[in-house]
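Shown below: model.txt, with compact mmCIF, C-alpha atoms.
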# COMPACT_ATOMS: atom_id res chain seq x y z
CA MET A 1 104.32 110.33 128.95
CA ARG A 2 100.96 108.55 129.12
CA PHE A 3 99.67 105.79 126.86
CA TYR A 4 95.99 105.05 126.61
CA THR A 5 94.07 101.88 126.01
CA VAL A 6 94.64 100.34 122.61
CA VAL A 7 91.63 100.77 120.34
CA PRO A 8 90.70 97.56 118.46
CA LEU A 9 89.76 98.60 114.94
CA ALA A 10 89.94 95.26 113.13
CA LEU A 11 86.53 93.67 113.74
CA ALA A 12 86.06 90.11 112.55
CA ALA A 13 83.16 88.60 110.64
CA GLY A 14 84.04 85.25 109.22
CA CYS A 15 87.44 84.80 107.66
CA ALA A 16 88.89 86.62 104.71
CA MET A 17 90.10 84.25 102.04
CA THR A 18 93.86 84.16 101.56
CA ARG A 19 94.27 85.33 97.98
CA GLY A 20 97.08 86.89 96.02
CA ALA A 21 96.51 90.16 94.20
CA THR A 22 96.36 88.49 90.79
CA ALA A 23 96.76 91.02 88.01
CA VAL A 24 94.03 91.14 85.37
CA ALA A 25 93.53 93.29 82.30
CA PRO A 26 91.29 96.37 82.47
CA LEU A 27 87.66 95.79 81.55
CA GLU A 28 86.82 95.77 77.85
CA THR A 29 83.77 93.73 76.86
CA GLU A 30 82.81 92.56 80.35
CA GLY A 31 81.36 94.24 83.42
CA GLU A 32 82.06 93.64 87.09
CA LEU A 33 80.10 92.72 90.22
CA TYR A 34 81.00 93.48 93.86
CA LEU A 35 78.97 91.63 96.50
CA TYR A 36 79.11 93.21 99.97
CA LEU A 37 77.66 92.03 103.29
CA LEU A 38 76.31 94.95 105.33
CA PRO A 39 77.00 95.43 109.05
CA SER A 40 74.30 94.01 111.31
CA PRO A 41 72.73 95.66 114.37
CA GLU A 42 72.38 92.20 115.94
CA THR A 43 75.02 91.16 118.48
CA ALA A 44 74.61 87.42 117.96
CA GLY A 45 73.07 85.14 115.40
CA PRO A 46 73.57 82.07 113.24
CA GLY A 47 76.65 81.67 111.10
CA LEU A 48 77.04 80.01 107.74
CA ARG A 49 80.10 78.58 106.04
CA ILE A 50 80.17 79.23 102.30
CA SER A 51 82.28 77.50 99.66
CA GLY A 52 81.33 79.44 96.56
CA ALA A 53 79.24 82.19 95.01
CA THR A 54 77.58 82.54 91.60
CA ALA A 55 75.56 85.09 89.66
CA LEU A 56 72.31 83.68 88.25
CA LEU A 57 70.89 84.37 84.82
CA ALA A 58 67.12 84.29 84.28
CA ASP A 59 67.34 80.79 82.75
CA GLY A 60 69.09 79.46 85.86
CA THR A 61 72.61 79.47 84.42
CA ALA A 62 75.14 80.05 87.22
CA VAL A 63 78.26 82.15 86.54
CA PRO A 64 81.03 81.70 89.15
CA LEU A 65 82.30 84.62 91.22
CA ALA A 66 85.60 84.82 93.11
CA LEU A 67 84.90 84.21 96.79
CA GLU A 68 86.53 86.73 99.16
CA LEU A 69 84.96 85.54 102.44
CA ASP A 70 84.32 81.99 103.61
CA ALA A 71 81.64 82.62 106.23
CA ILE A 72 78.53 84.75 106.71
CA GLU A 73 78.26 85.88 110.33
CA ILE A 74 77.09 88.84 112.39
CA SER A 75 79.48 91.69 111.72
CA ALA A 76 80.00 95.27 112.82
CA ARG A 77 81.66 96.17 109.53
CA GLN A 78 80.96 95.90 105.83
CA ARG A 79 82.62 92.84 104.25
CA LEU A 80 83.37 91.95 100.64
CA VAL A 81 81.88 88.48 100.09
CA ALA A 82 82.63 87.92 96.40
CA ARG A 83 83.47 89.72 93.20
CA GLY A 84 83.86 88.81 89.57
CA ARG A 85 83.70 89.78 85.92
CA LEU A 86 80.51 89.00 84.05
CA ALA A 87 79.18 89.26 80.51
CA PRO A 88 76.79 92.18 79.98
CA HIS A 89 73.33 90.82 80.73
CA GLN A 90 70.30 91.05 82.99
CA TYR A 91 70.78 88.79 86.01
CA ALA A 92 68.14 87.35 88.35
CA GLY A 93 70.15 87.18 91.57
CA ILE A 94 73.02 85.44 93.31
CA GLU A 95 73.54 82.08 94.99
CA LEU A 96 75.88 81.08 97.80
CA GLN A 97 77.06 77.47 98.04
CA THR A 98 76.96 75.91 101.52
CA ALA A 99 77.55 72.44 102.95
CA LYS A 100 73.81 71.79 103.30
CA GLN A 101 72.13 73.46 100.35
CA PRO A 102 72.51 76.47 98.07
CA LEU A 103 71.27 79.78 99.45
CA ARG A 104 69.57 81.79 96.71
CA VAL A 105 68.98 85.53 96.93
CA ASP A 106 66.60 86.93 94.31
CA ALA A 107 67.80 90.37 93.26
CA PRO A 108 67.53 91.47 89.62
CA PHE A 109 70.56 93.47 88.50
CA SER A 110 72.20 94.35 85.19
CA ILE A 111 75.82 94.23 84.11
CA ASP A 112 77.09 96.67 81.49
CA ALA A 113 80.38 96.54 79.61
CA ARG A 114 83.21 98.49 81.30
CA ARG A 115 81.00 99.29 84.29
CA ALA A 116 80.91 97.92 87.84
CA THR A 117 77.81 97.03 89.86
CA VAL A 118 77.72 96.85 93.67
CA LEU A 119 75.12 94.78 95.53
CA TRP A 120 74.53 94.91 99.27
CA LEU A 121 73.56 91.75 101.15
CA ALA A 122 71.74 92.15 104.48
CA GLN A 123 70.66 89.56 107.03
CA ARG A 124 66.98 89.50 107.91
CA PRO A 125 66.61 90.56 111.56
CA GLN A 126 65.73 87.93 114.17
CA ALA A 127 65.81 85.09 111.64
CA GLN A 128 66.31 81.60 113.10
CA ALA A 129 68.51 80.66 110.14
CA ILE A 130 70.60 82.70 107.75
CA SER A 131 68.27 84.64 105.46
CA LEU A 132 69.58 87.34 103.13
CA THR A 133 68.17 90.15 101.06
CA ALA A 134 70.03 92.03 98.31
CA THR A 135 69.68 95.67 97.33
CA THR A 136 71.43 98.21 95.17
CA PRO A 137 73.22 100.83 97.32
CA PRO A 138 71.79 104.34 97.42
CA LYS A 139 73.74 106.82 95.33
CA THR A 140 76.32 108.67 97.41
CA VAL A 141 76.04 112.46 97.15
CA PRO A 142 79.23 114.21 95.94
CA ALA A 143 79.85 115.85 99.34
CA LEU A 144 80.22 112.39 100.91
CA SER A 145 81.84 110.56 98.00
CA SER A 146 85.35 109.30 98.74
CA PHE A 147 87.67 107.06 96.76
CA CYS A 148 90.31 104.33 97.03
CA THR A 149 92.42 103.18 94.07
CA ASP A 150 93.22 99.51 93.50
CA GLY A 151 96.14 98.48 91.33
CA ALA A 152 95.24 94.82 90.78
CA SER A 153 91.58 95.19 89.78
CA HIS A 154 92.15 98.47 87.86
CA ASP A 155 89.21 99.95 89.76
CA VAL A 156 88.53 102.93 92.01
CA VAL A 157 86.29 101.95 94.91
CA VAL A 158 83.75 104.63 95.88
CA PHE A 159 82.68 104.82 99.52
CA ASP A 160 80.36 106.97 101.58
CA LYS A 161 82.54 108.59 104.25
CA HIS A 162 79.56 109.06 106.60
CA LEU A 163 78.16 105.52 106.31
CA ARG A 164 81.69 104.05 106.08
CA SER A 165 80.43 101.72 103.35
CA VAL A 166 81.38 101.00 99.74
CA THR A 167 78.58 102.11 97.42
CA ALA A 168 80.11 101.89 93.94
CA ALA A 169 83.22 101.10 91.91
CA MET A 170 84.69 102.74 88.82
CA PRO A 171 86.72 100.67 86.33
CA THR A 172 89.73 102.62 85.04
CA GLY A 173 92.86 101.98 83.01
CA ARG A 174 95.90 99.95 83.97
CA SER A 175 97.27 100.18 87.51
CA PRO A 176 95.49 103.20 89.04
CA TRP A 177 97.65 104.80 91.72
CA GLY A 178 97.35 108.37 92.96
CA ILE A 179 94.09 110.29 93.03
CA THR A 180 93.19 113.93 93.62
CA LEU A 181 89.87 115.80 93.67
CA ASP A 182 88.59 119.20 92.61
CA PRO A 183 85.16 119.37 94.30
CA VAL A 184 84.51 122.88 92.91
CA GLN A 185 84.72 121.60 89.34
CA GLY A 186 83.22 118.25 90.37
CA ARG A 187 86.14 116.37 88.89
CA GLY A 188 88.60 113.75 90.06
CA TYR A 189 91.93 112.73 88.56
CA VAL A 190 93.51 109.25 88.69
CA ALA A 191 97.10 108.39 87.77
CA LEU A 192 97.20 105.29 85.55
CA ALA A 193 100.75 104.09 86.18
CA ASP A 194 100.92 101.44 83.45
CA ASP A 195 99.11 103.53 80.83
CA ASP A 196 101.16 106.72 81.35
CA GLN A 197 97.91 108.67 81.52
CA ILE A 198 95.73 110.66 83.91
CA ALA A 199 92.05 109.70 83.83
CA ILE A 200 89.48 112.44 84.53
CA PHE A 201 86.17 111.40 86.09
CA ASP A 202 82.95 113.05 87.21
CA ILE A 203 82.65 112.91 91.02
CA ALA A 204 78.84 112.98 90.91
CA ASN A 205 78.26 109.98 88.65
CA GLY A 206 81.62 108.21 88.64
CA ARG A 207 81.96 108.22 84.87
CA GLU A 208 85.25 108.77 83.11
CA LEU A 209 85.26 111.98 81.07
CA SER A 210 88.60 111.95 79.31
CA ARG A 211 92.29 111.18 79.67
CA ILE A 212 95.46 113.24 79.67
CA ARG A 213 98.40 111.56 77.95
CA LEU A 214 101.85 111.78 79.49
CA SER A 215 105.12 110.58 77.95
CA PRO A 216 105.84 106.86 77.48
CA GLY A 217 107.56 105.43 80.55
CA ASP A 218 106.41 108.18 82.94
CA SER A 219 104.62 105.72 85.26
CA PRO A 220 102.73 108.42 87.22
CA ARG A 221 102.33 107.75 90.94
CA GLU A 222 100.87 110.38 93.25
CA LEU A 223 98.84 113.41 92.20
CA ILE A 224 98.04 116.67 93.94
CA THR A 225 95.91 119.66 92.97
CA SER A 226 97.44 123.10 93.48
CA THR A 227 95.79 125.32 96.07
CA ASP A 228 94.38 127.59 93.33
CA ARG A 229 93.10 124.49 91.44
CA ARG A 230 94.80 125.68 88.25
CA MET A 231 97.20 122.76 88.12
CA VAL A 232 97.30 119.04 88.71
CA ILE A 233 100.82 117.85 89.50
CA SER A 234 101.95 114.30 88.78
CA ALA A 235 104.99 112.54 90.27
CA ASN A 236 106.36 110.40 87.43
CA ALA A 237 108.39 107.61 89.04
CA GLY A 238 109.45 106.10 85.71
CA SER A 239 111.01 109.21 84.16
CA ASN A 240 112.20 111.05 87.30
CA THR A 241 110.03 114.04 86.45
CA VAL A 242 106.95 115.88 87.63
CA SER A 243 104.29 117.00 85.17
CA LEU A 244 102.49 120.32 85.55
CA ILE A 245 99.06 119.82 84.00
CA ASP A 246 96.35 122.31 83.07
CA PRO A 247 93.24 120.33 84.09
CA LEU A 248 90.79 122.40 82.06
CA ALA A 249 92.83 122.33 78.85
CA MET A 250 93.73 118.70 79.69
CA THR A 251 97.33 119.18 78.60
CA GLU A 252 100.77 119.01 80.19
CA ILE A 253 102.08 122.57 80.22
CA ALA A 254 105.54 121.78 81.64
CA ARG A 255 107.65 119.02 83.08
CA VAL A 256 110.47 119.35 85.57
CA GLN A 257 113.36 116.94 86.10
CA VAL A 258 113.64 115.98 89.78
CA GLY A 259 115.45 113.26 91.75
CA GLU A 260 115.33 109.53 91.08
CA GLN A 261 112.00 107.74 91.53
CA PRO A 262 109.69 110.51 92.77
CA ILE A 263 106.91 108.72 94.65
CA SER A 264 105.04 111.33 96.71
CA LEU A 265 104.15 115.03 96.69
CA LEU A 266 103.26 117.71 99.22
CA GLN A 267 101.82 121.16 98.52
CA ASP A 268 103.08 124.05 100.67
CA ARG A 269 99.90 125.78 101.89
CA ASN A 270 101.69 129.12 102.33
CA THR A 271 103.32 129.25 98.92
CA ALA A 272 102.74 127.87 95.46
CA ARG A 273 105.77 125.59 95.83
CA PHE A 274 105.55 121.86 96.36
CA TYR A 275 107.87 119.16 97.67
CA VAL A 276 108.78 116.02 95.70
CA PHE A 277 110.04 113.00 97.68
CA ASN A 278 112.51 110.95 95.63
CA ALA A 279 112.90 107.38 96.91
CA ARG A 280 115.91 106.14 94.94
CA SER A 281 118.06 109.28 95.22
CA SER A 282 117.03 109.84 98.88
CA SER A 283 116.25 113.50 98.34
CA ILE A 284 113.57 116.18 98.33
CA SER A 285 113.13 118.43 95.31
CA VAL A 286 111.42 121.78 95.91
CA VAL A 287 109.62 122.87 92.76
CA ASP A 288 108.39 126.38 91.99
CA PRO A 289 105.62 125.98 89.38
CA ALA A 290 105.80 129.64 88.39
CA GLN A 291 109.47 129.26 87.44
CA ARG A 292 108.87 125.67 86.29
CA LYS A 293 112.06 124.46 87.89
CA VAL A 294 113.61 122.92 90.99
CA VAL A 295 114.66 125.73 93.34
CA ALA A 296 116.19 123.57 96.08
CA THR A 297 117.32 119.98 96.68
CA VAL A 298 117.80 118.41 100.10
CA GLN A 299 119.32 115.02 100.93
CA THR A 300 117.32 112.84 103.34
CA GLU A 301 117.41 109.50 105.14
CA ASN A 302 117.31 106.43 102.88
CA SER A 303 114.22 106.29 100.64
CA PRO A 304 111.99 109.10 101.94
CA LEU A 305 108.40 107.89 102.08
CA ARG A 306 106.51 111.16 102.33
CA GLY A 307 106.36 114.44 104.22
CA GLN A 308 103.89 116.61 106.14
CA LEU A 309 103.93 120.27 107.13
CA ASP A 310 102.90 121.49 110.56
CA ARG A 311 99.93 123.83 110.91
CA ALA A 312 102.04 127.00 110.62
CA GLY A 313 103.94 125.67 107.64
CA THR A 314 107.31 126.27 109.33
CA ARG A 315 108.29 122.65 110.00
CA LEU A 316 108.49 119.80 107.51
CA TYR A 317 108.31 116.25 108.88
CA VAL A 318 109.89 113.62 106.61
CA ALA A 319 109.52 109.88 107.19
CA SER A 320 111.50 107.00 105.73
CA SER A 321 110.43 103.36 105.70
CA GLN A 322 114.08 102.38 106.22
CA ALA A 323 114.85 104.66 109.17
CA SER A 324 113.83 104.61 112.83
CA TYR A 325 113.81 108.39 113.03
CA LEU A 326 111.60 111.13 111.65
CA THR A 327 113.58 114.13 110.38
CA VAL A 328 112.24 117.63 111.09
CA TYR A 329 113.30 120.42 108.73
CA SER A 330 112.81 124.16 109.10
CA VAL A 331 110.82 125.88 106.36
CA PRO A 332 111.80 127.65 104.15
CA ALA A 333 115.50 127.15 105.01
CA LEU A 334 115.17 123.33 104.98
CA SER A 335 117.86 122.91 107.61
CA VAL A 336 117.58 119.95 109.99
CA LEU A 337 116.01 120.96 113.32
CA GLN A 338 115.96 117.54 114.99
CA ARG A 339 115.44 113.83 114.53
CA VAL A 340 112.62 112.09 116.39
CA TYR A 341 112.58 108.37 117.20
CA VAL A 342 109.35 106.84 115.88
CA GLY A 343 110.19 103.14 115.57
CA VAL A 344 111.28 100.87 112.75
CA GLY A 345 109.36 100.73 109.50
CA THR A 346 107.33 103.93 109.13
CA THR A 347 104.46 103.28 106.73
CA ALA A 348 102.37 106.48 106.85
CA LEU A 349 102.43 110.03 108.19
CA LYS A 350 99.69 112.60 108.79
CA VAL A 351 99.43 116.01 110.49
CA ASP A 352 96.03 117.15 111.73
CA PRO A 353 96.05 120.88 110.92
CA ASP A 354 93.31 121.55 113.49
CA THR A 355 95.36 120.27 116.45
CA ASP A 356 98.87 120.03 114.96
CA PHE A 357 99.10 116.48 116.31
CA LEU A 358 101.37 114.24 114.25
CA TYR A 359 100.18 110.70 113.50
CA VAL A 360 102.91 108.18 112.62
CA ALA A 361 102.07 104.64 111.50
CA THR A 362 104.62 101.81 111.65
CA SER A 363 104.73 98.34 110.14
CA ASP A 364 103.63 96.64 113.39
CA GLY A 365 100.15 98.20 113.03
CA ARG A 366 100.72 100.86 115.67
CA VAL A 367 99.77 104.49 115.09
CA SER A 368 101.48 106.88 117.51
CA VAL A 369 100.29 110.41 118.24
CA PHE A 370 103.04 112.99 118.79
CA ASP A 371 102.75 116.30 120.61
CA PRO A 372 103.64 119.16 118.22
CA PHE A 373 105.66 121.07 120.84
CA SER A 374 107.74 118.40 122.55
CA LEU A 375 107.55 115.88 119.69
CA LEU A 376 107.06 113.17 122.30
CA PRO A 377 104.42 110.46 121.89
CA LEU A 378 101.23 111.26 123.80
CA ASP A 379 99.09 108.33 122.77
CA TYR A 380 99.00 105.30 120.52
CA PHE A 381 96.49 102.79 119.19
CA ASP A 382 96.54 99.51 117.31
CA ALA A 383 94.94 99.82 113.88
CA GLY A 384 94.81 96.06 113.36
CA GLY A 385 97.31 96.10 110.49
CA ALA A 386 100.03 98.15 108.84
CA VAL A 387 98.57 101.52 107.76
CA THR A 388 99.96 102.94 104.51
CA TRP A 389 97.70 105.97 104.07
CA MET A 390 95.80 108.29 106.44
CA ALA A 391 93.19 110.95 105.70
CA ILE A 392 91.07 113.09 108.04
CA ASP A 393 87.44 113.98 107.38
CA GLY A 394 87.01 117.62 108.34
CA ALA A 395 83.23 117.43 108.84
CA GLU A 396 83.12 114.53 111.32
CA ASN A 397 86.66 114.62 112.73
CA VAL A 398 87.30 111.02 111.71
CA LEU A 399 90.64 109.50 110.75
CA PHE A 400 90.51 107.01 107.85
CA MET A 401 93.35 104.46 107.63
CA LEU A 402 94.15 102.26 104.64
CA MET A 403 95.52 98.77 105.46
CA PRO A 404 96.53 96.93 102.25
CA GLU A 405 97.39 93.62 103.93
CA GLN A 406 93.87 93.46 105.36
CA ARG A 407 92.43 94.89 102.12
CA SER A 408 90.42 97.26 104.26
CA VAL A 409 89.90 100.80 105.49
CA ALA A 410 89.30 101.50 109.19
CA ALA A 411 87.87 104.73 110.64
CA MET A 412 88.51 106.19 114.10
CA GLN A 413 86.89 109.13 115.90
CA LEU A 414 89.79 111.45 116.74
CA THR A 415 88.24 112.98 119.86
CA THR A 416 87.36 109.74 121.62
CA ARG A 417 89.76 107.34 119.85
CA ALA A 418 86.74 105.07 119.33
CA ALA A 419 86.40 102.79 116.31
CA ALA A 420 84.03 104.40 113.82
CA GLY A 421 83.57 101.65 111.26
CA ALA A 422 85.54 99.67 108.71
CA PHE A 423 85.01 98.20 105.26
CA ASP A 424 86.79 96.01 102.72
CA VAL A 425 88.27 97.34 99.49
CA GLY A 426 90.16 95.72 96.60
CA PRO A 427 93.07 93.27 96.57
CA GLN A 428 95.80 95.90 96.06
CA PRO A 429 94.60 99.23 97.51
CA ARG A 430 97.02 102.12 97.16
CA VAL A 431 95.67 105.58 97.90
CA LEU A 432 92.48 106.96 99.45
CA VAL A 433 91.09 110.48 99.24
CA LEU A 434 88.10 112.10 100.95
CA THR A 435 85.84 114.86 99.72
CA GLY A 436 86.17 117.57 102.36
CA GLU A 437 89.49 116.16 103.54
CA ARG A 438 91.30 118.21 106.19
CA ASN A 439 94.74 119.20 104.79

Take the structure in this file and express it as structure tokens.
Amino acid sequence: MRFYTVVPLALAAGCAMTRGATAVAPLETEGELYLYLLPSPETAGPGLRISGATALLADGTAVPLALELDAIEISARQRLVARGRLAPHQYAGIELQTAKQPLRVDAPFSIDARRATVLWLAQRPQAQAISLTATTPPKTVPALSSFCTDGASHDVVVFDKHLRSVTAAMPTGRSPWGITLDPVQGRGYVALADDDQIAIFDIANGRELSRIRLSPGDSPRELITSTDRRMVISANAGSNTVSLIDPLAMTEIARVQVGEQPISLLQDRNTARFYVFNARSSSISVVDPAQRKVVATVQTENSPLRGQLDRAGTRLYVASSQASYLTVYSVPALSVLQRVYVGVGTTALKVDPDTDFLYVATSDGRVSVFDPFSLLPLDYFDAGGAVTWMAIDGAENVLFMLMPEQRSVAAMQLTTRAAAGAFDVGPQPRVLVLTGERN
């Protein structure tokens, strides 16, 4: 067994402010501003401590923003400097408060009700002192558009998976959780856990199109789209059910009672069936959507987190955050084949269908790579924080890792294990999804 050099993915640029994920109401009459500092090609340069940030109206009135970073320095990653809710208006720019004097950046932008605006800050190259410019990000094309839900801000952050940069944000309803995409129809679906609804949005322009109402108390969590794209399936943690939804008719066509507190879903690529992982009842429900019923139930380790199928679809890996072992089940019999030691506190699980390698993240920030034949660890790397979600970009062979404690997403090139960028997201990120994701 050989372990390779740890890959440092958490790159510093100033200090992130220590803030709680304070809950706020969804946007109604206000709009929202995200202020991001772009990565710099420079390797060294002046730094600047900042104590506050404001948006400036044309008459000079300053409207405070919530500061997310306390220093502007050379960085190899995109950083969220400040964010805040603003009244709809035309604004003249932004201003950063420093110990010496305010630093003004002229950049006209508009705020619209129930919409979010992203501004990019960039340092002027070879400047003797900190000098910033502000621009509106270029629009990300649908083929590169990827998304991360945030439960505290009630937003979906939009990022360009090639640039590894946030380019937009979409305000939604209360407590967005799971998200699934249908690139053929150009639609995305977001579970609104506290609204008991599924929001439908246009991938190309980020605008909400409509909502699908579920039953009161459903509290939808994760979503998946069936392989034939005829259904969106919702795991309803509040009612111990899954909803089978016709996305074109925008109606629930059936609901199936499953185990207690269903929190994650997995589509079987070889059949129309899907697996429901029930945290409170420590079980897996196998649902046949054609029969609209549970066709098998399997008991698991305490509180199953999620599962992944191997490339052939004959082995099901199931992880639990409360167990040190990964359980491997045969498919379709669902008998236990073996248990694999992975370490305490599994936080995420991902199979790369191109290589069949199994990636297992644990609470200490380590991601281990397991051989599909021996199920022994071949490699590991330090992600820089506990990873709760992993997704693989099929076009560029890049692994994206969501780290809620760092409020960030890190990317790694799978072939070389080299860091491939990182960027900040919201205060309570939950799920990320890529257009062109390898599943």

Which one of A:Val190, A:His162, A:Leu132, A:Ile111 sits closest to Gln413 of chain A if you count only C-alpha atoms?
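Smallest separation from Gln413 of chain A among the options: A:His162.
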
Pick from A:Thr135, A:Ser281, A:Thr241, A:Thr180 nearest to Thr149 of chain A, counting only C-alpha atoms:
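Counting only C-alpha atoms, the residue closest to Thr149 of chain A is A:Thr180.
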
Which residues are close to Gln78 of chain A, i.e. within 8 Å by only C-alpha atoms, leaving aside same-chain residues fewer than 4 positions away? Reply as a PyMOL selection string.
chain A and resi 36-39+165-166+422-424

Output file for the residues above (C-alpha atoms, as a tab-separated table (two decimals), keeping the file's coordinate frame):
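Saved to result-v4.tsv:
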chain	number	residue	atom	x	y	z
A	36	TYR	CA	79.11	93.21	99.97
A	37	LEU	CA	77.66	92.03	103.29
A	38	LEU	CA	76.31	94.95	105.33
A	39	PRO	CA	77.00	95.43	109.05
A	165	SER	CA	80.43	101.72	103.35
A	166	VAL	CA	81.38	101.00	99.74
A	422	ALA	CA	85.54	99.67	108.71
A	423	PHE	CA	85.01	98.20	105.26
A	424	ASP	CA	86.79	96.01	102.72

Within 12 Å of Asn205 of chain A, counting all atoms listed in the file, which residues show up once you throw out same-chain ones fewer than 6 positions away? Write them as a list in words, please.
Arg115, Lys139, Thr140, Val141, Pro142, Ser145, Val158, Thr167, Ala168, Ala169, Met170, Gly186, Arg187 and Gly188 of chain A

For the atom pair atom CA of Gly365 of chain A and atom CA of Leu402 of chain A, what is the interatomic distance in Å to one decimal place?
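Those two atoms sit 11.1 Å apart.
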
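Candidate residues A:Thr61, A:Ser330, A:Ser239, A:Asn439 were compared for distance to Met390 of chain A, and the nearest is A:Asn439, using only C-alpha atoms.
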
Smallest atom-to-atom distance to Ala152 of chain A: which of A:Ala333, A:Val24, A:Val340, A:Leu48, using all atoms listed in the file?
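Going through A:Ala333, A:Val24, A:Val340, A:Leu48 one by one, the smallest distance to Ala152 of chain A is for A:Val24.
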
Selected residue, from A:Ser234, A:Thr136, A:Ser283, A:Thr227, that lies nearest to Gly178 of chain A when counting all atoms listed in the file:
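Looking at the shortest contact to Gly178 of chain A, the residue is A:Ser234.
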
Given the choices A:Leu305, A:Ala122, A:Ala25, A:Cys148, which gets closest to Pro404 of chain A if the distance is worked out from all atoms listed in the file?
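Distance minimum relative to Pro404 of chain A lands on A:Cys148.
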
Which neighbours of Leu214 of chain A fall inside 10 Å, counting only C-alpha atoms, when residues of the same chain fewer than 5 positions from it are skipped, and could you give them as a compact mmCIF listing (two decimals) with C-alpha atoms, keeping the file's coordinate frame?
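As a result, around.txt now contains:
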# COMPACT_ATOMS: atom_id res chain seq x y z
CA ASP A 195 99.11 103.53 80.83
CA ASP A 196 101.16 106.72 81.35
CA GLN A 197 97.91 108.67 81.52
CA ILE A 198 95.73 110.66 83.91
CA SER A 219 104.62 105.72 85.26
CA PRO A 220 102.73 108.42 87.22
CA SER A 234 101.95 114.30 88.78
CA ASN A 236 106.36 110.40 87.43
CA SER A 243 104.29 117.00 85.17
CA ILE A 245 99.06 119.82 84.00
CA THR A 251 97.33 119.18 78.60
CA GLU A 252 100.77 119.01 80.19
CA ARG A 255 107.65 119.02 83.08

Closest atom pairs, residues of segment 302-410 of chain A within 12 Å of segment 259-264 of chain A, all atoms listed in the file, as CSV:
residue,atom,partner,partner_atom,distance
A:Ser303,CA,A:Gln261,CA,9.5
A:Pro304,CA,A:Ile263,CA,8.9
A:Leu305,CA,A:Ser264,CA,7.2
A:Arg306,CA,A:Ser264,CA,5.8
A:Gly307,CA,A:Ser264,CA,8.2
A:Gln308,CA,A:Ser264,CA,10.9
A:Val318,CA,A:Ser264,CA,11.3
A:Ala319,CA,A:Ser264,CA,11.5
A:Ser320,CA,A:Ser264,CA,11.9
A:Ala348,CA,A:Ser264,CA,11.6
A:Leu349,CA,A:Ser264,CA,11.8
A:Trp389,CA,A:Ser264,CA,11.7

Using all atoms listed in the file, can you list as a VMD selection string the residues within 7 Å of (88.2, 109.7, 76.5)?
chain A and resid 209 to 211

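Atom CA of Asn240 of chain A sits 6.1 Å away from atom CA of Gln257 of chain A.
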
Find the distance between atom CA of Leu432 of chain A and atom CA of Ala410 of chain A and write it in Å to one decimal.
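Computed distance, atom CA of Leu432 of chain A to atom CA of Ala410 of chain A, equals 11.6 Å.
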